[in-house]
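Okay, structure first, notes after.
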Amino acid sequence: APKMTIPRLYEMYAAKQPITCITAHDALSGRMADEAGIDTVLVGDSLAMVAMGLESTSEIELEDMVYHCRAVARGAPRPFLIADLPFGSYEQSVEQACESAIRMVKHGRAEAVKFEGGRELCPIVERLSKFGIATVPHIGLTPQRQISTGGFKVQGKTAASAKELLDDALALEKAGATMILLEGVPDRVATVITERLNVPTIGIGAGSGTSGQVLVQIDMLGGFDAFVPKFLKRYANILETHTSAIAKYHSEVKSGEFPSKQNSYSIKDAEFEKFTE
Ligand code: KIV
Ligand code: NA
């Protein structure tokens with residue numbers, strides 16, 4: 001399959017074919033997404049929790065995200081690669097956002113950067129798109145703001161807040177956003193926002209009316225059980241299957257079943273006799 005690019009994604013969008021996105025955090029998870037045929041891979045700051053074991057995404061540093069992004073880029077050369085700018089790496093000024101985005105593109109090999117927030121991000125989106133850096137603003141439920149929002153809460157449940165989301169999306173599109181990510185938004189609100197835009201929306205917990213879908217890979221593989229949100233569908237149970245595989249290895253080493261002759265290298269009898277004489 002050919003390298004996924006923004007024009008190809010826009011063709012898919014124009015043809016009303018859903019765009020697929022999944023997160024990855026290292027070369028292996030990137031490779032699996034690539035070989036599964038996924039259109040776009042997101043190096044999301046959720047890797048702070050699922051890959052680094054941190055309490056929240058706000059703890060991760062830009063350099064950690066760059067490091068993981070570069071690993072994913074090596075493992076997943078075909079999908080379009082989007083990376084999160086983490087909390088604290090873009091809020092202070094347009095200059096700070098530019099510096100972080102350039103670092104993510106140059107050293108992380110990201111093809112677009114994502115950051116959380118509404119119309120207040122327009123100056124950043126405008127500046128970056130002017131310099132050819134694609135942006136994916138993330139609106140609705142924004143985990144980086146979980147302290148001020150009082151946790152992970154679905155957004156746009158009132159007419160007024162749904163209108164705010166729509167206005168944010170329209171402003172960000174006008175500023176030059178390449179795509180818009182909608183998280184934790186009622187399905188009918190996400191559908192209206194998608195219909196009003198001329199750029200694709202990627203949804204998570206936003207129903208089936210968005211232009212595409214994204215899930216956190218470790219979550220959809222059943223590898224994270226701290227909590228399971230309503231929007232999540234689990235397609236595997238790697239905590240169970242992988243843990244039991246490792247447990248089997250552990251017990252086979254203890255019992256002497258592994259390694260067998262089959263898993264061992266041989267030496268010719270004559271050489272061995274000379275060695276031990
Ligand atoms: O960090 C992440 O994985 C994300 C997705 C949930 C959209 O931002
Ligand atoms: Na994120």
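As shown in the structure tokens, the chain order sets the letters A, B, ...; within each chain, residues go from 1, and ligands are also counted from 1 in the order they appear.
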Inset, instruction - Would you mind listing the residues within 10 Å of ligand 2, counting only C-alpha atoms and all ligand atoms, as number ranges by chain? - result: A: 23, 42-48, 57-58, 83-87, 114-116, 138, 142-144, 181, 183, 216
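Shortest atom-to-atom contact with A:Leu170 among A:Ile139, A:Val185, A:Cys98, A:Val154: A:Ile139, counting only C-alpha atoms.
Checking A:Gly223, A:Gly207, A:Pro2, A:Gly30 one by one against A:Gly75, counting only C-alpha atoms, you find the shortest gap at A:Gly30.
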Inset, instruction - Give the strand (DSSP E) residues of stretch 112-271 of chain A, as DSSP finds them on the backbone, and put them as a PyMOL selection string. - result: chain A and resi 112-116+134-140+180-183+201-204+212-215
Inset, instruction - Go through A:His25, A:His250, A:Lys3, A:Lys268 one by one, measure the shortest atom-to-atom distance of each to ligand 1 using only C-alpha atoms and all ligand atoms, and give the residue with the smallest value. - result: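 That would be A:His25, the residue with the smallest distance to ligand 1.
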Legend entry - Using only C-alpha atoms and all ligand atoms: which of A:Pro18, A:Gly88, A:Gly156, A:Gly203 has the shortest distance to ligand 1: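 With only C-alpha atoms and all ligand atoms as the atom set, the closest residue is A:Gly203.
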Legend entry - Contact residues around A:Thr158 with only C-alpha atoms at 12 Å, ignoring same-chain residues under 3 positions, as JSON, numbers by chain: {"A": [154, 155, 161, 162, 163, 164, 165, 185, 186, 188, 189]}
Export of prior selection with N, CA and C atoms as a compact mmCIF listing (two decimals), in the first residue's frame:
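That gives us result.txt:
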```txt
# COMPACT_ATOMS: atom_id res chain seq x y z
N VAL A 154 -17.97 14.01 29.39
CA VAL A 154 -18.49 14.24 28.04
C VAL A 154 -18.85 15.71 27.90
N GLN A 155 -18.45 16.32 26.78
CA GLN A 155 -18.69 17.75 26.54
C GLN A 155 -19.77 17.92 25.46
N SER A 161 -23.24 24.44 25.19
CA SER A 161 -21.87 23.91 25.07
C SER A 161 -21.65 23.23 23.72
N ALA A 162 -22.70 22.65 23.16
CA ALA A 162 -22.58 22.07 21.81
C ALA A 162 -22.28 23.18 20.80
N LYS A 163 -22.92 24.33 20.98
CA LYS A 163 -22.71 25.48 20.11
C LYS A 163 -21.26 25.99 20.24
N GLU A 164 -20.75 25.99 21.48
CA GLU A 164 -19.35 26.39 21.71
C GLU A 164 -18.41 25.47 20.93
N LEU A 165 -18.67 24.18 20.99
CA LEU A 165 -17.82 23.20 20.29
C LEU A 165 -17.86 23.43 18.78
N VAL A 185 -18.06 13.42 22.91
CA VAL A 185 -19.09 14.36 22.46
C VAL A 185 -20.31 13.51 22.06
N PRO A 186 -21.54 13.95 22.40
CA PRO A 186 -22.71 13.17 21.98
C PRO A 186 -22.70 12.94 20.46
N ARG A 188 -24.87 12.88 18.07
CA ARG A 188 -25.57 13.78 17.15
C ARG A 188 -24.89 15.14 17.04
N VAL A 189 -24.24 15.56 18.14
CA VAL A 189 -23.49 16.83 18.10
C VAL A 189 -22.27 16.67 17.19
```
Inset, instruction - Quick one: pull the distance between atom CA of A:Gly184 and atom CA of A:Ala206, Å, one decimal. - result: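 Answer for the atom CA of A:Gly184 to atom CA of A:Ala206 separation: 5.5 Å.
Between A:Met49 and the residues A:Ile246, A:Asp219, A:Glu257, A:Tyr265, the shortest atom-to-atom distance, using only C-alpha atoms, involves A:Asp219.
Atom pair atom CA of A:Ala15 / atom CA of A:Pro200 has a distance of 11.4 Å (rounded to one decimal).
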Inset, instruction - Give me the residues within 12 Å of A:Val136 as a PyMOL selection string, counting only C-alpha atoms and dropping any in the same chain fewer than 3 places off. - result: chain A and resi 6+42+44+81-85+101+110-118+121-122+124-126+128-129+133+139+169+172-173+175-182+199-203
Legend entry - Between atom CA of A:Asp39 and atom CA of A:Ile218 - distance in Å to one decimal: 17.6 Å
